[in-house]
Each structure stands twice: as C-alpha cells, then as structure tokens.
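The structure file data03.txt is reproduced below (compact mmCIF, C-alpha atoms).
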# COMPACT_ATOMS: atom_id res chain seq x y z
CA MET U 1 -89.50 21.60 -18.41
CA ARG U 2 -89.24 22.36 -14.70
CA ILE U 3 -87.30 24.71 -12.45
CA HIS U 4 -84.60 23.25 -10.21
CA SER U 5 -84.81 25.15 -6.93
CA MET U 6 -83.93 22.62 -4.23
CA SER U 7 -81.02 23.15 -1.84
CA PHE U 8 -79.18 20.48 0.15
CA PRO U 9 -76.14 20.47 2.47
CA LEU U 10 -72.70 20.93 0.91
CA VAL U 11 -70.54 17.97 -0.03
CA VAL U 12 -66.82 18.13 -0.71
CA ILE U 13 -65.68 19.79 -3.95
CA ILE U 14 -62.22 18.67 -5.10
CA GLY U 15 -60.10 20.48 -7.70
CA LEU U 16 -61.80 20.85 -11.06
CA GLY U 17 -64.16 17.93 -10.44
CA ILE U 18 -66.78 17.11 -7.84
CA ALA U 19 -66.29 14.34 -5.34
CA GLY U 20 -68.34 11.26 -6.07
CA PHE U 21 -68.86 12.02 -9.76
CA SER U 22 -66.79 10.24 -12.37
CA ALA U 23 -65.22 11.71 -15.47
CA CYS U 24 -66.00 10.49 -18.96
CA SER U 25 -63.51 7.68 -19.46
CA VAL U 26 -64.75 6.01 -22.61
CA CYS U 27 -62.40 7.53 -25.18
CA PRO U 28 -60.49 4.50 -26.50
CA ALA U 29 -59.03 6.51 -29.35
CA ALA U 30 -58.95 10.00 -27.91
CA GLY U 31 -58.02 9.33 -24.30
CA ASN U 32 -59.31 11.54 -21.49
CA PRO U 33 -57.88 15.06 -21.94
CA SER U 34 -56.32 16.81 -18.98
CA THR U 35 -58.53 19.14 -17.01
CA SER U 36 -55.64 21.51 -16.28
CA THR U 37 -55.48 24.95 -17.86
CA PRO U 38 -54.71 24.37 -21.54
CA ALA U 39 -51.53 25.59 -23.16
CA SER U 40 -51.63 27.11 -26.62
CA SER U 41 -51.63 24.48 -29.35
CA PRO U 42 -51.71 24.37 -33.15
CA ILE U 43 -55.12 24.73 -34.69
CA PRO U 44 -56.08 21.98 -37.13
CA SER U 45 -56.46 23.22 -40.68
CA THR U 46 -59.66 24.86 -41.82
CA PRO U 47 -60.89 23.15 -44.97
CA THR U 48 -63.15 25.86 -46.39
CA PRO U 49 -63.54 29.65 -46.17
CA SER U 50 -67.35 29.46 -46.43
CA LEU U 51 -68.07 28.43 -42.86
CA PRO U 52 -71.08 29.28 -40.72
CA LYS U 53 -70.62 32.53 -38.76
CA THR U 54 -70.90 30.46 -35.59
CA VAL U 55 -67.45 28.90 -36.06
CA ALA U 56 -65.61 32.21 -35.55
CA ARG U 57 -67.64 32.84 -32.37
CA LEU U 58 -66.58 29.64 -30.61
CA HIS U 59 -63.73 29.17 -28.13
CA TRP U 60 -62.54 25.81 -26.75
CA PHE U 61 -61.21 25.41 -23.20
CA GLY U 62 -60.54 21.67 -23.54
CA VAL U 63 -62.62 18.49 -23.13
CA SER U 64 -66.12 19.64 -24.27
CA SER U 65 -65.95 23.10 -22.69
CA ILE U 66 -67.07 25.66 -25.29
CA LEU U 67 -67.83 29.38 -25.21
CA TYR U 68 -70.09 30.95 -27.85
CA LYS U 69 -69.67 34.74 -28.00
CA GLY U 70 -72.31 36.30 -30.22
CA SER U 71 -75.36 38.40 -29.42
CA LYS U 72 -75.51 36.23 -26.28
CA THR U 73 -72.69 34.64 -24.30
CA ILE U 74 -73.33 30.91 -24.02
CA TYR U 75 -71.17 28.30 -22.28
CA PHE U 76 -71.48 24.57 -22.93
CA ASP U 77 -70.19 22.21 -20.18
CA PRO U 78 -67.78 24.86 -18.82
CA ILE U 79 -64.59 23.64 -17.16
CA ASN U 80 -60.98 24.92 -17.33
CA ILE U 81 -62.30 28.48 -17.71
CA SER U 82 -59.29 30.79 -17.90
CA GLY U 83 -58.50 34.30 -19.09
CA PRO U 84 -60.63 37.46 -18.85
CA VAL U 85 -63.79 35.61 -19.81
CA PRO U 86 -67.19 37.26 -20.27
CA LYS U 87 -70.02 36.53 -17.89
CA ALA U 88 -72.60 34.05 -19.10
CA ASP U 89 -76.05 34.84 -20.38
CA ILE U 90 -76.76 31.11 -20.68
CA VAL U 91 -74.99 28.01 -19.34
CA LEU U 92 -75.84 24.55 -20.66
CA LEU U 93 -74.82 21.44 -18.69
CA SER U 94 -75.18 18.11 -20.50
CA HIS U 95 -74.33 15.57 -17.80
CA ALA U 96 -72.71 15.31 -14.38
CA HIS U 97 -69.38 13.64 -15.17
CA GLY U 98 -66.53 15.45 -13.46
CA ASP U 99 -64.90 16.58 -16.71
CA HIS U 100 -68.08 18.34 -17.85
CA ILE U 101 -69.10 20.29 -14.77
CA ASP U 102 -66.89 22.42 -12.53
CA LEU U 103 -67.92 24.64 -9.63
CA GLU U 104 -64.85 26.91 -9.89
CA SER U 105 -65.58 27.68 -13.54
CA LEU U 106 -69.26 28.26 -12.88
CA GLU U 107 -68.41 30.73 -10.12
CA LYS U 108 -66.32 32.72 -12.65
CA ILE U 109 -69.04 33.06 -15.25
CA VAL U 110 -72.45 32.90 -13.55
CA THR U 111 -74.26 36.01 -12.32
CA VAL U 112 -77.74 36.48 -10.84
CA ASN U 113 -78.94 37.13 -14.40
CA THR U 114 -77.49 33.94 -15.93
CA ILE U 115 -79.92 31.29 -17.17
CA VAL U 116 -78.63 27.81 -16.31
CA ILE U 117 -80.11 24.88 -18.24
CA ILE U 118 -79.40 21.33 -17.09
CA SER U 119 -80.34 17.78 -18.00
CA PRO U 120 -82.11 15.55 -15.45
CA ASN U 121 -78.73 13.81 -15.03
CA VAL U 122 -77.31 16.99 -13.47
CA ASN U 123 -80.11 17.41 -10.91
CA THR U 124 -78.37 15.84 -7.93
CA ILE U 125 -75.04 17.62 -8.27
CA TYR U 126 -76.78 20.90 -9.02
CA ASP U 127 -78.24 20.77 -5.51
CA VAL U 128 -74.64 21.30 -4.36
CA ILE U 129 -73.65 23.85 -6.99
CA GLN U 130 -76.74 25.96 -6.48
CA ASP U 131 -75.78 26.54 -2.86
CA HIS U 132 -72.72 28.42 -4.18
CA ILE U 133 -73.87 30.23 -7.32
CA LYS U 134 -77.38 31.05 -6.02
CA VAL U 135 -79.09 30.52 -9.38
CA ASN U 136 -81.98 28.17 -10.05
CA ALA U 137 -81.76 25.92 -13.09
CA ILE U 138 -84.19 25.02 -15.84
CA VAL U 139 -84.32 21.23 -16.26
CA LEU U 140 -84.94 20.06 -19.83
CA ASP U 141 -85.79 16.44 -20.58
CA GLU U 142 -85.78 14.80 -24.02
CA GLY U 143 -87.58 16.89 -26.63
CA GLU U 144 -88.35 19.77 -24.28
CA THR U 145 -87.65 23.32 -25.43
CA THR U 146 -87.24 26.68 -23.75
CA ASP U 147 -86.91 30.18 -25.21
CA ILE U 148 -84.63 32.78 -23.62
CA GLY U 149 -84.84 36.22 -25.15
CA GLY U 150 -85.17 34.83 -28.65
CA ILE U 151 -82.63 32.01 -28.11
CA SER U 152 -84.27 28.60 -28.49
CA VAL U 153 -82.81 25.59 -26.66
CA LYS U 154 -84.05 22.04 -27.22
CA ALA U 155 -82.90 18.97 -25.28
CA ILE U 156 -81.67 16.09 -27.45
CA PRO U 157 -81.06 12.58 -26.06
CA ALA U 158 -77.36 11.82 -25.49
CA TYR U 159 -76.32 8.25 -24.73
CA ASP U 160 -74.08 5.34 -25.62
CA ALA U 161 -73.57 1.71 -24.66
CA THR U 162 -70.92 2.33 -21.99
CA ALA U 163 -70.61 5.35 -19.69
CA HIS U 164 -73.73 7.26 -20.78
CA PRO U 165 -76.83 5.00 -20.60
CA ARG U 166 -80.02 6.56 -21.90
CA SER U 167 -81.68 5.89 -18.55
CA SER U 168 -79.24 8.33 -16.88
CA LYS U 169 -80.93 11.20 -18.75
CA GLY U 170 -77.90 13.11 -20.01
CA MET U 171 -78.76 15.50 -22.83
CA GLY U 172 -77.31 17.31 -25.78
CA TYR U 173 -78.75 20.64 -26.88
CA LEU U 174 -79.89 22.19 -30.15
CA VAL U 175 -79.49 25.95 -29.85
CA SER U 176 -80.89 28.49 -32.28
CA VAL U 177 -78.89 31.72 -31.95
CA ASP U 178 -77.98 34.58 -34.31
CA GLY U 179 -79.72 32.93 -37.24
CA GLU U 180 -77.81 29.63 -37.01
CA LEU U 181 -78.26 26.27 -35.29
CA ILE U 182 -75.65 24.75 -32.97
CA TYR U 183 -75.98 21.09 -32.00
CA PHE U 184 -73.93 20.37 -28.87
CA ALA U 185 -74.06 16.59 -28.67
CA GLY U 186 -72.98 16.06 -25.03
CA GLY U 187 -71.78 12.61 -23.91
CA THR U 188 -73.01 10.33 -26.67
CA SER U 189 -72.34 8.05 -29.58
CA TYR U 190 -74.30 7.94 -32.81
CA HIS U 191 -77.98 7.04 -32.50
CA PRO U 192 -80.75 7.13 -35.12
CA GLU U 193 -82.45 10.26 -33.74
CA MET U 194 -79.38 12.25 -34.82
CA ALA U 195 -80.26 11.85 -38.50
CA LYS U 196 -83.23 14.18 -37.89
CA ILE U 197 -81.19 16.97 -36.24
CA THR U 198 -80.50 19.74 -38.74
CA SER U 199 -77.78 22.19 -37.71
CA ASP U 200 -75.16 24.54 -39.08
CA VAL U 201 -72.51 23.39 -36.58
CA THR U 202 -72.31 20.12 -34.65
CA ILE U 203 -69.97 19.93 -31.64
CA TYR U 204 -69.19 16.26 -31.16
CA PRO U 205 -66.98 14.19 -28.79
CA LEU U 206 -64.21 12.19 -30.46
CA TYR U 207 -64.64 9.08 -28.31
CA ASP U 208 -64.26 6.77 -31.31
CA PRO U 209 -63.15 7.90 -34.79
CA GLU U 210 -65.41 5.43 -36.60
CA ASP U 211 -68.37 6.67 -34.58
CA ALA U 212 -67.57 10.29 -35.50
CA VAL U 213 -67.41 9.31 -39.18
CA GLN U 214 -70.84 7.71 -38.90
CA VAL U 215 -72.23 10.89 -37.37
CA ALA U 216 -70.73 13.06 -40.12
CA ARG U 217 -72.22 10.79 -42.78
CA ASN U 218 -75.71 10.83 -41.29
CA LEU U 219 -76.26 14.25 -39.71
CA PRO U 220 -77.70 17.09 -41.80
CA THR U 221 -75.01 19.54 -40.67
CA ARG U 222 -72.47 21.80 -42.40
CA VAL U 223 -69.59 21.57 -39.94
CA MET U 224 -68.51 19.04 -37.32
CA ILE U 225 -66.23 20.40 -34.60
CA LEU U 226 -64.48 17.62 -32.70
CA VAL U 227 -64.00 17.93 -28.93
CA HIS U 228 -63.19 15.70 -25.95
CA CYS U 229 -59.80 14.95 -27.49
CA PHE U 230 -56.42 16.58 -28.11
CA PRO U 231 -55.72 18.86 -31.11
CA ASP U 232 -53.24 16.43 -32.65
CA GLN U 233 -55.91 13.72 -32.61
CA ILE U 234 -58.16 16.00 -34.66
CA MET U 235 -55.39 16.44 -37.22
CA LEU U 236 -54.82 12.67 -37.31
CA PHE U 237 -58.55 12.20 -37.85
CA GLN U 238 -58.48 14.68 -40.74
CA GLN U 239 -55.47 12.93 -42.26
CA LYS U 240 -57.15 9.53 -42.11
CA PHE U 241 -60.72 10.44 -43.08
CA GLY U 242 -60.29 13.78 -44.86
CA GLU U 243 -61.13 17.38 -44.06
CA PHE U 244 -64.56 16.72 -45.49
CA ILE U 245 -66.78 13.69 -44.97
CA GLY U 246 -69.32 14.04 -47.72
CA SER U 247 -70.20 17.73 -47.60
CA VAL U 248 -69.45 18.08 -43.87
CA ALA U 249 -66.31 20.04 -42.96
CA ILE U 250 -64.33 18.47 -40.09
CA LEU U 251 -62.77 21.10 -37.83
CA GLY U 252 -60.95 21.60 -34.55
CA LEU U 253 -60.67 24.74 -32.45
CA GLN U 254 -57.50 26.22 -31.03
CA LEU U 255 -56.88 25.14 -27.45
CA GLU U 256 -55.68 28.13 -25.41
CA SER U 257 -56.72 30.62 -22.76
CA TYR U 258 -59.48 33.00 -23.84
CA ASN U 259 -58.55 36.51 -24.93
CA PRO U 260 -61.37 38.88 -25.96
Go ahead and express the file in the form of structure tokens.
Amino acid sequence: MRIHSMSFPLVVIIGLGIAGFSACSVCPAAGNPSTSTPASSPIPSTPTPSLPKTVARLHWFGVSSILYKGSKTIYFDPINISGPVPKADIVLLSHAHGDHIDLESLEKIVTVNTIVIISPNVNTIYDVIQDHIKVNAIVLDEGETTDIGGISVKAIPAYDATAHPRSSKGMGYLVSVDGELIYFAGGTSYHPEMAKITSDVTIYPLYDPEDAVQVARNLPTRVMILVHCFPDQIMLFQQKFGEFIGSVAILGLQLESYNP
C-alpha cells in the first residue's frame, strides 16, 4: 500500500469521461450502457426475502457506479452521480476506463475528509483528478489491505482476456462493513482466485452471461448483483438462468436518481 500524492499539469476533461481513456467496451451481451443520467426503470424481481442487509443499502447509478449507505458512505466507481447524494466517507476506483471514473461525480461527493482508494491502474489519471479534488489516494495492489475506521478494504485482482489485462493492474475490492462482506469485482471475468473470495454480496459486471453463471456457481457468496448492463438484460438473464444459481440469488438494482 502506498499514498498517491503526485500532481501534474491538467489535461482536458470531456463530459463524463476523461480524454485519452477508453470506456469498457467488451460487453458482447450487455452492450455498453449510456453514461447519461439514468431514468427510472423497473427493478428486476427479488427472489428471496432473506437477503443480506447490504442489499437494501445499495443504490445503482448505472454502469458499475454503486453507492453503499450504511454506517459509512461508500462509492464504488462513481459516475452519473445525480440527486441530493451524501458526501463520501470512502471512494473506491477499480480501473481508469472512462465509464468507471468521472471527475464531475467525484467533485460532487469528495470532501477533504474522504478516503480515496485506487488501483495501480488509476495512478496516471488520478494525477489529473487530484489537482481538482485536492485529496491524496491510497493505492492498493493485489492482496493489499487497508483499514479505515473499522472498515476493511482488500484489493482483489480484476482481469480478463480482452480489455482488462492483468498486467494493467485494475482491481476489485473486498469490503468488510457493518458486519457483512461486499465483493465489488471491477472490470473482470471469472478467474480461479474468485473461488476463494467469501462474501455476502458480489457486485459483478454482466459482460457475458455464461461468464456470470460461472461466477455464481463458483463463488462462496449469497447474492450476485449484476451491473454494467441494462435492467431488462438482468431480467432476461433471470428468465434464462433462474433467479437462483445454486444457492446464489441473482439480483438487479433499480436504476434511477438517488433520493435519501
């Protein structure tokens, strides 16, 4: 673990992305969801009432942008942030693709007291972002852990054979908060290390339905929440593969502006 504290001259920031950084574009089944402010949409059905407490504390802004509102306010890959959102205690950035990192959203949620945790993949673009939000970042590499006021965060490798090579050092995160474990997978496909990651809730990108099924069959988790897709694709996934895969509940979150 190291502290990112370097500052470099500003480069151009365009819209919701950052010039020179590509979006994730490897979703053959799910497509690449719009980065515009989401409209309200139907929520896919909830297959069981006995869900981890974490599920009710999550809000989805589209793509992989997630807010956890519990004893701490945690944002994962925040983009499309809209509504009267709470300020962040912790921000986790998995990788530097333009649909996972957004200066405008970070400016809405980050304060001088926010802890920002990034993967090595985010280092270069964070040199630009830091010049605006004035907050150093903690850089976590594979297997590294940090503790923030009783919240444990561990970096998990996130990679696939196309847009997210392991050498690029993107990460997922295993977060222990409020007595439960959240595994935010980042930009990845299934890999053998995942079978060792125990969690209550896994937040996973629906790049490829068959890949998501493999993850559900192999991860020791209670709930898989599908992201990086559209809500109707989650319902189609449930219709094809079921609302449970083994004992794992397959869920989607409602896509709409946040209201406290």
Could you check which of U:Ala216, U:Gly242, U:Cys229, U:Glu180 is closest to Leu51 in chain U, using all atoms listed in the file?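 When distances to Leu51 in chain U are compared using all atoms listed in the file, the smallest one comes from U:Glu180.
CA of Gly246 in chain U is found 12.9 Å from CA of Ala212 in chain U.
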Write out as a list of chain:residue names the residues lying within 8 Å of Ser168 in chain U, counting all atoms listed in the file and excluding same-chain residues fewer than 4 positions away. U:Pro120, U:Asn121, U:His164
For the residues in the current selection, export C-alpha atoms as a PDB file, in the coordinates of the input.
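Written file, part33.pdb:
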ATOM      1  CA  PRO U 120     -82.110  15.550 -15.450  1.00  0.00           C
ATOM      2  CA  ASN U 121     -78.730  13.810 -15.030  1.00  0.00           C
ATOM      3  CA  HIS U 164     -73.730   7.260 -20.780  1.00  0.00           C
TER       4      HIS U 164
END
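Between CA of Arg222 in chain U and CA of Ile197 in chain U lies a distance of 11.7 Å.
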Separation of CA of Ala195 in chain U from CA of Val248 in chain U, in Å and rounded to one decimal: 13.6 Å
Given the choices U:Tyr207, U:Tyr126, U:Tyr75, U:Tyr68, which gets closest to Lys108 in chain U if the distance is worked out from all atoms listed in the file?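 Of U:Tyr207, U:Tyr126, U:Tyr75, U:Tyr68, the one nearest Lys108 in chain U is U:Tyr75, counting all atoms listed in the file.
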Do you know which residues lie at most 8 Å from (-73.7, 21.4, -31.4), with coordinates as in the file and all atoms listed in the file counted, and could you write them as a PDB file with C-alpha atoms, in the frame of the given file?
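Result written to point15.pdb:
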ATOM      1  CA  GLY U 172     -77.310  17.310 -25.780  1.00  0.00           C
ATOM      2  CA  TYR U 173     -78.750  20.640 -26.880  1.00  0.00           C
ATOM      3  CA  LEU U 174     -79.890  22.190 -30.150  1.00  0.00           C
ATOM      4  CA  VAL U 175     -79.490  25.950 -29.850  1.00  0.00           C
ATOM      5  CA  LEU U 181     -78.260  26.270 -35.290  1.00  0.00           C
ATOM      6  CA  ILE U 182     -75.650  24.750 -32.970  1.00  0.00           C
ATOM      7  CA  TYR U 183     -75.980  21.090 -32.000  1.00  0.00           C
ATOM      8  CA  PHE U 184     -73.930  20.370 -28.870  1.00  0.00           C
ATOM      9  CA  ALA U 185     -74.060  16.590 -28.670  1.00  0.00           C
ATOM     10  CA  SER U 199     -77.780  22.190 -37.710  1.00  0.00           C
ATOM     11  CA  VAL U 201     -72.510  23.390 -36.580  1.00  0.00           C
ATOM     12  CA  THR U 202     -72.310  20.120 -34.650  1.00  0.00           C
ATOM     13  CA  ILE U 203     -69.970  19.930 -31.640  1.00  0.00           C
ATOM     14  CA  TYR U 204     -69.190  16.260 -31.160  1.00  0.00           C
TER      15      TYR U 204
END
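Counting all atoms listed in the file, the residue from U:Ile79, U:Ile109, U:Met224, U:Leu93 that sits nearest to Val63 in chain U is U:Ile79.
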Please tell me which residues are no farther than 12 Å from (-73.0, 33.1, -19.3) in the file, counting all atoms listed in the file, and write them as a ChimeraX atom specification. /U:66-78,81,85-93,105-117,135
Give me the residues near His191 in chain U as number ranges by chain, where near means some atom within 10 Å (using only C-alpha atoms) and where sequence neighbours in that chain fewer than 3 positions away do not count. U: 157-160, 188, 194-195, 211, 214-215, 218
Within 8 Å of Pro84 in chain U, counting all atoms listed in the file, which residues qualify if same-chain residues fewer than 3 places away don't, as number ranges by chain? U: 258-260
Contacts of range 94-96 of chain U at 8 Å or less, counting only C-alpha atoms, minus same-chain residues fewer than 3 places along, as an NGL selection string? :U and (21 or 76-77 or 100-101 or 118-119 or 121-122 or 125 or 169-173 or 186-187)
From the options U:Lys53, U:Lys196, U:His59, U:Arg217, which residue's atoms come nearest to Asn80 in chain U, counting only C-alpha atoms? U:His59
Give me the residues within 12 Å of Phe244 in chain U as a list in words, counting all atoms listed in the file and dropping any in the same chain fewer than 2 places off. Ser45, Thr46, Pro47, Thr48, Val213, Ala216, Arg217, Thr221, Arg222, Val223, Met224, Ile225, Phe237, Gln238, Gln239, Lys240, Phe241, Gly242, Gly246, Ser247, Val248, Ala249, Ile250 and Leu251 of chain U
